[in-house]
$ cat data-v6.txt   # compact mmCIF, C-alpha atoms and all ligand atoms
# COMPACT_ATOMS: atom_id res chain seq x y z
CA MET A 52 178.73 -8.95 -15.23
CA SER A 53 178.84 -12.21 -13.24
CA LEU A 54 178.71 -15.61 -14.97
CA PHE A 55 175.34 -16.03 -13.24
CA ARG A 56 173.85 -13.07 -15.06
CA GLU A 57 175.38 -14.12 -18.35
CA LYS A 58 173.91 -17.61 -17.96
CA LEU A 59 170.51 -16.25 -16.94
CA GLU A 60 170.33 -13.76 -19.79
CA LYS A 61 171.41 -16.41 -22.30
CA CYS A 62 168.67 -18.78 -21.10
CA ALA A 63 166.06 -16.02 -21.10
CA ARG A 64 167.00 -15.08 -24.67
CA GLU A 65 167.20 -18.61 -26.04
CA LYS A 66 164.01 -19.80 -24.37
CA GLU A 67 162.24 -16.47 -24.82
CA SER A 68 161.23 -16.75 -21.21
CA ARG A 69 161.36 -14.45 -18.22
CA VAL A 70 160.02 -17.09 -15.85
CA ILE A 71 162.06 -18.38 -12.90
CA LEU A 72 160.52 -21.54 -11.51
CA ALA A 73 160.29 -21.64 -7.71
CA LEU A 74 160.56 -25.38 -7.14
CA ASP A 75 159.01 -25.44 -3.65
CA LEU A 76 157.45 -28.89 -3.79
CA SER A 77 156.79 -30.56 -0.47
CA LEU A 78 155.40 -33.82 0.87
CA PRO A 79 154.32 -34.64 4.45
CA VAL A 80 157.37 -35.64 6.52
CA GLY A 81 157.11 -39.26 7.54
CA GLU A 82 155.05 -40.40 4.55
CA LYS A 83 156.58 -43.64 3.27
CA ASP A 84 159.52 -42.94 0.93
CA PHE A 85 158.69 -39.23 1.01
CA LYS A 86 162.23 -38.15 0.12
CA LYS A 87 162.34 -40.43 -2.92
CA LYS A 88 158.89 -39.31 -4.06
CA LEU A 89 159.76 -35.65 -3.52
CA LEU A 90 162.94 -35.89 -5.56
CA LYS A 91 161.17 -37.81 -8.31
CA LYS A 92 158.36 -35.24 -8.53
CA ALA A 93 160.80 -32.29 -8.48
CA ARG A 94 162.90 -33.83 -11.26
CA TRP A 95 159.76 -34.52 -13.29
CA VAL A 96 158.47 -30.93 -12.95
CA LEU A 97 161.90 -29.63 -13.90
CA SER A 98 162.04 -31.88 -16.98
CA GLU A 99 158.55 -30.76 -18.04
CA VAL A 100 159.29 -27.03 -17.86
CA SER A 101 163.02 -26.87 -18.63
CA GLU A 102 162.43 -25.54 -22.16
CA TYR A 103 160.14 -22.76 -20.99
CA VAL A 104 161.88 -21.18 -18.01
CA ALA A 105 165.02 -19.05 -17.67
CA GLY A 106 166.11 -20.37 -14.29
CA ILE A 107 165.25 -22.36 -11.16
CA LYS A 108 164.97 -21.22 -7.55
CA VAL A 109 165.27 -23.71 -4.70
CA ASN A 110 164.00 -23.10 -1.18
CA PHE A 111 163.85 -24.89 2.20
CA GLN A 112 161.08 -27.20 0.94
CA LEU A 113 163.68 -29.22 -0.98
CA LEU A 114 166.87 -28.38 0.93
CA LEU A 115 165.71 -29.67 4.31
CA PRO A 116 164.43 -33.11 3.34
CA LEU A 117 166.90 -33.79 0.50
CA GLY A 118 170.14 -32.25 1.83
CA LEU A 119 172.55 -29.97 -0.03
CA PHE A 120 175.22 -32.59 -0.81
CA ASP A 121 172.81 -35.48 -0.86
CA GLY A 122 169.53 -35.81 -2.84
CA LEU A 123 169.59 -32.19 -3.99
CA GLN A 124 172.74 -32.94 -5.99
CA LEU A 125 170.70 -34.92 -8.53
CA LEU A 126 168.43 -31.95 -9.11
CA ILE A 127 171.39 -29.58 -9.33
CA ARG A 128 172.93 -31.88 -11.94
CA ASP A 129 169.65 -31.92 -13.88
CA ALA A 130 169.43 -28.12 -13.88
CA SER A 131 173.03 -27.90 -15.02
CA GLY A 132 172.31 -30.44 -17.80
CA TYR A 133 169.46 -28.23 -19.01
CA GLY A 134 171.82 -25.25 -18.82
CA LEU A 135 169.53 -23.52 -16.32
CA PRO A 136 170.95 -21.21 -13.63
CA LEU A 137 170.08 -22.19 -10.08
CA ILE A 138 169.27 -19.70 -7.33
CA ALA A 139 169.59 -20.64 -3.65
CA ASP A 140 166.75 -18.90 -1.85
CA PHE A 141 167.63 -19.10 1.85
CA LYS A 142 167.58 -15.33 2.38
CA LEU A 143 170.94 -15.07 4.16
CA ASN A 144 170.41 -12.92 7.19
CA ASP A 145 173.17 -13.49 9.73
CA VAL A 146 176.59 -12.30 10.87
CA GLU A 147 179.65 -12.59 8.68
CA HIS A 148 181.16 -15.95 9.57
CA THR A 149 177.82 -17.78 9.31
CA ASN A 150 176.89 -16.03 6.05
CA GLU A 151 180.29 -16.82 4.57
CA TRP A 152 180.12 -20.48 5.57
CA ALA A 153 176.63 -20.82 4.11
CA SER A 154 177.45 -19.05 0.84
CA ARG A 155 180.56 -21.19 0.29
CA HIS A 156 178.42 -24.31 0.77
CA PHE A 157 175.73 -23.12 -1.67
CA PHE A 158 178.28 -22.22 -4.33
CA ASP A 159 180.33 -25.41 -3.80
CA ALA A 160 177.12 -27.42 -4.11
CA GLY A 161 176.50 -25.94 -7.56
CA PHE A 162 174.25 -22.91 -7.07
CA ASP A 163 174.84 -19.97 -9.40
CA ALA A 164 173.43 -17.29 -7.13
CA LEU A 165 171.91 -16.76 -3.70
CA ILE A 166 169.39 -14.40 -2.15
CA ALA A 167 170.40 -12.29 0.86
CA ASN A 168 168.67 -9.82 3.16
CA PRO A 169 170.21 -6.32 3.14
CA PHE A 170 168.79 -5.60 6.62
CA VAL A 171 171.98 -7.14 8.08
CA GLY A 172 174.12 -4.45 6.45
CA TRP A 173 177.57 -4.53 4.87
CA LYS A 174 180.30 -4.61 7.53
CA GLY A 175 180.20 -7.92 9.37
CA GLY A 176 177.05 -8.83 7.44
CA LEU A 177 177.05 -9.21 3.65
CA GLU A 178 180.50 -7.90 2.71
CA THR A 179 182.08 -11.36 2.74
CA VAL A 180 179.12 -12.90 0.89
CA PHE A 181 179.68 -10.46 -1.97
CA GLY A 182 183.42 -11.23 -1.77
CA VAL A 183 182.90 -15.01 -1.99
CA ALA A 184 180.40 -14.57 -4.85
CA LYS A 185 182.67 -12.27 -6.81
CA LYS A 186 185.63 -14.63 -6.53
CA SER A 187 183.60 -17.52 -7.90
CA GLU A 188 181.67 -15.34 -10.39
CA ARG A 189 178.34 -16.23 -8.78
CA GLY A 190 175.51 -13.84 -8.08
CA VAL A 191 173.99 -12.15 -5.04
CA ILE A 192 170.37 -11.02 -5.23
CA LEU A 193 169.04 -8.68 -2.54
CA LEU A 194 165.57 -8.57 -1.05
CA VAL A 195 164.32 -5.02 -1.59
CA TYR A 196 160.56 -5.27 -1.04
CA MET A 197 158.91 -8.62 -0.33
CA SER A 198 155.56 -9.70 -1.72
CA HIS A 199 153.55 -10.38 1.46
CA PRO A 200 151.28 -7.81 3.15
CA GLY A 201 153.52 -7.40 6.22
CA ALA A 202 156.47 -6.35 4.03
CA ASN A 203 155.50 -2.72 4.65
CA GLU A 204 156.42 -3.15 8.34
CA GLY A 205 160.10 -3.52 7.41
CA TYR A 206 160.87 -2.74 3.77
CA GLY A 207 158.19 0.00 3.72
CA GLN A 208 159.34 1.90 6.82
CA ARG A 209 160.39 5.52 6.55
CA VAL A 210 164.03 5.99 7.47
CA VAL A 211 166.06 9.11 8.18
CA GLY A 212 169.43 9.35 6.41
CA GLU A 213 172.60 10.81 7.97
CA ASP A 214 171.89 14.11 6.22
CA GLY A 215 168.33 14.18 7.60
CA THR A 216 166.58 13.20 4.35
CA ILE A 217 163.62 10.90 4.76
CA SER A 218 163.14 7.98 2.39
CA PHE A 219 161.65 4.51 2.42
CA GLN A 220 163.73 1.56 3.56
CA TYR A 221 163.31 -0.19 0.20
CA GLU A 222 164.61 2.89 -1.64
CA VAL A 223 167.74 2.75 0.52
CA PHE A 224 168.08 -0.98 -0.24
CA ALA A 225 167.70 -0.34 -3.99
CA GLU A 226 170.52 2.25 -3.76
CA ARG A 227 172.63 -0.28 -1.82
CA ALA A 228 172.02 -2.92 -4.48
CA LYS A 229 173.71 -0.51 -6.90
CA SER A 230 176.62 0.46 -4.68
CA TRP A 231 177.26 -3.10 -3.46
CA GLY A 232 177.17 -4.49 -7.02
CA ALA A 233 174.19 -6.84 -6.60
CA ASP A 234 173.19 -9.09 -9.49
CA GLY A 235 169.50 -8.64 -8.88
CA VAL A 236 166.84 -7.31 -6.55
CA VAL A 237 163.64 -8.97 -5.36
CA VAL A 238 160.54 -6.79 -5.39
CA GLY A 239 157.13 -8.44 -5.03
CA ALA A 240 154.88 -8.48 -8.09
CA THR A 241 152.10 -7.67 -5.61
CA GLN A 242 153.71 -4.23 -5.19
CA PRO A 243 153.81 -2.69 -8.70
CA LYS A 244 154.32 0.82 -7.31
CA MET A 245 157.42 -0.35 -5.49
CA VAL A 246 158.61 -2.16 -8.62
CA GLU A 247 158.24 1.13 -10.52
CA ARG A 248 160.14 3.11 -7.88
CA VAL A 249 162.93 0.53 -7.67
CA TYR A 250 163.20 0.52 -11.46
CA GLN A 251 163.64 4.34 -11.35
CA ILE A 252 166.59 3.77 -8.99
CA VAL A 253 168.33 0.72 -10.50
CA GLY A 254 167.28 1.17 -14.14
CA ARG A 255 168.28 -1.60 -16.53
CA LYS A 256 171.56 -2.17 -14.71
CA ILE A 257 170.11 -4.59 -12.16
CA PRO A 258 167.37 -7.11 -12.99
CA ILE A 259 164.22 -7.03 -10.86
CA PHE A 260 162.95 -10.48 -9.78
CA SER A 261 159.28 -10.44 -8.82
CA PRO A 262 157.62 -13.27 -6.90
CA GLY A 263 153.92 -13.22 -6.05
CA ILE A 264 152.30 -13.69 -9.49
CA GLY A 265 149.03 -15.62 -9.36
CA ILE A 266 148.21 -17.13 -5.97
CA GLN A 267 149.65 -14.19 -3.98
CA GLY A 268 147.68 -11.76 -6.16
CA GLY A 269 150.38 -10.23 -8.37
CA VAL A 270 149.38 -9.46 -11.97
CA ILE A 271 151.84 -10.09 -14.81
CA SER A 272 150.95 -7.00 -16.87
CA GLU A 273 151.16 -4.63 -13.89
CA ALA A 274 154.51 -5.95 -12.67
CA PHE A 275 156.22 -6.03 -16.09
CA ARG A 276 154.90 -2.62 -17.11
CA ALA A 277 156.33 -1.29 -13.85
CA GLY A 278 159.81 -2.70 -14.56
CA THR A 279 159.97 -6.36 -13.51
CA THR A 280 162.61 -8.29 -15.46
CA TYR A 281 161.86 -11.86 -14.29
CA ALA A 282 158.79 -13.38 -12.62
CA ILE A 283 159.45 -15.96 -9.92
CA VAL A 284 156.56 -18.42 -10.10
CA GLY A 285 155.98 -21.50 -7.95
CA ARG A 286 152.56 -22.96 -7.16
CA SER A 287 150.83 -21.75 -10.35
CA ILE A 288 153.24 -24.04 -12.22
CA TYR A 289 154.15 -26.99 -10.02
CA GLU A 290 150.66 -27.44 -8.54
CA SER A 291 149.08 -27.36 -11.98
CA GLU A 292 147.96 -30.67 -13.49
CA ASP A 293 150.06 -29.78 -16.51
CA PRO A 294 153.15 -27.80 -15.35
CA ARG A 295 154.48 -27.53 -18.89
CA LYS A 296 151.27 -25.91 -20.17
CA ALA A 297 151.15 -23.59 -17.15
CA ALA A 298 154.76 -22.48 -17.70
CA VAL A 299 154.16 -21.87 -21.42
CA GLU A 300 151.02 -19.83 -20.69
CA ILE A 301 152.81 -17.66 -18.12
CA LYS A 302 155.83 -17.16 -20.36
CA GLU A 303 153.59 -16.11 -23.27
CA LYS A 304 151.54 -13.74 -21.13
CA ILE A 305 154.76 -12.04 -20.05
CA ASN A 306 156.03 -11.86 -23.63
CA GLU A 307 152.83 -10.12 -24.72
CA VAL A 308 153.68 -7.32 -22.28
CA VAL A 309 157.42 -7.02 -22.79
CA LYS A 310 157.64 -7.32 -26.59
P1 LIG A 401 154.42 -18.84 -5.36
O1 LIG A 401 154.46 -18.47 -6.86
O2 LIG A 401 154.02 -20.25 -5.13
O3 LIG A 401 153.67 -17.87 -4.54
O4 LIG A 401 155.97 -18.82 -4.85
C1 LIG A 401 156.74 -17.67 -4.76
C2 LIG A 401 158.17 -18.01 -4.40
O5 LIG A 401 158.90 -16.80 -4.19
C3 LIG A 401 158.35 -18.81 -3.12
O6 LIG A 401 159.52 -19.63 -3.31
C4 LIG A 401 158.64 -17.79 -2.05
O7 LIG A 401 159.45 -18.30 -1.02
C5 LIG A 401 159.41 -16.74 -2.85
N1 LIG A 401 159.29 -15.34 -2.37
C6 LIG A 401 158.06 -14.73 -2.23
O8 LIG A 401 157.00 -15.34 -2.44
N2 LIG A 401 158.04 -13.42 -1.85
C7 LIG A 401 159.15 -12.70 -1.60
O9 LIG A 401 159.04 -11.52 -1.29
C8 LIG A 401 160.40 -13.31 -1.74
C9 LIG A 401 160.45 -14.64 -2.15
O10 LIG A 401 161.63 -15.22 -2.30

$ encode --input "data-v6.txt" --output "structure tokens"
Amino acid sequence: MSLFREKLEKCAREKESRVILALDLSLPVGEKDFKKKLLKKARWVLSEVSEYVAGIKVNFQLLLPLGLFDGLQLLIRDASGYGLPLIADFKLNDVEHTNEWASRHFFDAGFDALIANPFVGWKGGLETVFGVAKKSERGVILLVYMSHPGANEGYGQRVVGEDGTISFQYEVFAERAKSWGADGVVVGATQPKMVERVYQIVGRKIPIFSPGIGIQGGVISEAFRAGTTYAIVGRSIYESEDPRKAAVEIKEKINEVVK
């Protein structure tokens, strides 16, 4: 098991939380001191919820204005101080040399895991990303079925295997997550049937991360009964007037289902 998974499981146990905070705060570009304000707000939200979440996920909303080795470093240091694992959500989706360069930067910057898109395949795609992650004991999480309605156009397509068997693309990706040694899979909470099917394939070996609770329409009880391990939650927490209260409520709702 990678250090990432050990760290995540330890946090989840100690904090009795299966919530990963998606810290996607944003401010209008060009607003006076927007970078300073953005960083201040992100650090405040993190400090409010740090006791009630198992990990943090960072996306383009913070990376682009703050910069990986610039403002973001303060947030990365905060997360590390709270002992929280950090996931880089830039959905790596390119050829080998670009993927490798990006993953080295994310890991050097202090991220514990990254999310990648299995559509690019192994050879010349994600092989080196897994190699870089393994060497540094970081994690790779694969997108298996996304949470938005159009996800069925890609992840939900029927595909014909070499032996002529027909399956769904996401079933193939769930199998690949096993054979490639992924540290997690993303399956939208909005798709409880897909969560259930992916859980049949990966079992307890690979945690299922489900975004889409709340604003996107996903329901905690449906997702967790189907096999979700961690909920990725953004706006329902950081847009709330009281992020701490929102995080506690979500964590407790999940615990009612999983206990
Ligand atoms: P929210 O709870 O505000 O809907 O945020 C969900 C988070 O999960 C966002 O960071 C989004 O980029 C991410 N996400 C998603 O919503 N669906 C997916 O299928 C994969 C994701 O990473």

$ residues_near_ligand --input "data-v6.txt" --ligand "ligand LIG 401 (chain A)" --cutoff "8 Å" --atoms "only C-alpha atoms and all ligand atoms" --output "NGL selection string"
:A and (73-75 or 108-110 or 140 or 142 or 166 or 194 or 196-199 or 202 or 237-239 or 261-267 or 283-288)

$ residues_around --input "data-v6.txt" --residues "range 209-220 of chain A" --least-positions-apart "4" --cutoff "9 Å" --atoms "only C-alpha atoms" --output "ChimeraX atom specification"
/A:195-196,205,224-225

$ axis_aligned_box --input "data-v6.txt" --around "range 96-112 of chain A" --padding-each-side "3 Å" --output "lines of an AutoDock Vina configuration file"
center_x = 162.3
center_y = -25.5
center_z = -10.0
size_x = 13.6
size_y = 18.8
size_z = 30.4

$ residues_around --input "data-v6.txt" --residues "range 83-90 of chain A" --least-positions-apart "2" --cutoff "8 Å" --atoms "all atoms listed in the file" --output "number ranges by chain"
A: 76-81, 92-94, 113, 116-117, 122-123, 126

$ residues_around --input "data-v6.txt" --residues "range 294-304 of chain A" --least-positions-apart "4" --cutoff "10 Å" --atoms "only C-alpha atoms" --output "ChimeraX atom specification"
/A:66-72,95-105,264-265,271-272,282,284-290,308-309

$ closest_residue --input "data-v6.txt" --among "A:Lys244, A:Lys256, A:His148, A:Arg189" --to "Ser230 in chain A" --atoms "all atoms listed in the file"
A:Lys256

$ residues_around --input "data-v6.txt" --residues "Leu135 in chain A" --least-positions-apart "3" --cutoff "7 Å" --atoms "all atoms listed in the file" --output "short mmCIF file (atom, residue, chain, number, x, y, z; two decimals) with C-alpha atoms, in the coordinates of the input"
data_model
loop_
_atom_site.label_atom_id
_atom_site.label_comp_id
_atom_site.auth_asym_id
_atom_site.auth_seq_id
_atom_site.Cartn_x
_atom_site.Cartn_y
_atom_site.Cartn_z
CA CYS A 62 168.67 -18.78 -21.10
CA ALA A 105 165.02 -19.05 -17.67
CA GLY A 106 166.11 -20.37 -14.29
CA ILE A 107 165.25 -22.36 -11.16
CA ALA A 130 169.43 -28.12 -13.88
CA SER A 131 173.03 -27.90 -15.02
#

$ atom_distance --input "data-v6.txt" --atom1 "CA of Val270 in chain A" --atom2 "CA of Val246 in chain A"
12.2 Å

$ residues_around --input "data-v6.txt" --residues "Lys186 in chain A" --least-positions-apart "4" --cutoff "10 Å" --atoms "all atoms listed in the file" --output "NGL selection string"
:A and (53 or 181-182)

$ atom_distance --input "data-v6.txt" --atom1 "CA of Arg227 in chain A" --atom2 "CA of Asn203 in chain A"
18.5 Å

$ atom_distance --input "data-v6.txt" --atom1 "CA of Pro258 in chain A" --atom2 "CA of Leu193 in chain A"
10.7 Å

$ closest_residue --input "data-v6.txt" --among "A:Thr280, A:Gln242, A:Gln124, A:Ser154" --to "Val183 in chain A" --atoms "only C-alpha atoms"
A:Ser154

$ closest_residue --input "data-v6.txt" --among "A:Phe170, A:Phe111, A:Phe55, A:Phe275" --to "Gly235 in chain A" --atoms "all atoms listed in the file"
A:Phe55

$ closest_residue --input "data-v6.txt" --among "A:Val249, A:Ala63, A:Ala240, A:Ile192" --to "Leu165 in chain A" --atoms "all atoms listed in the file"
A:Ile192
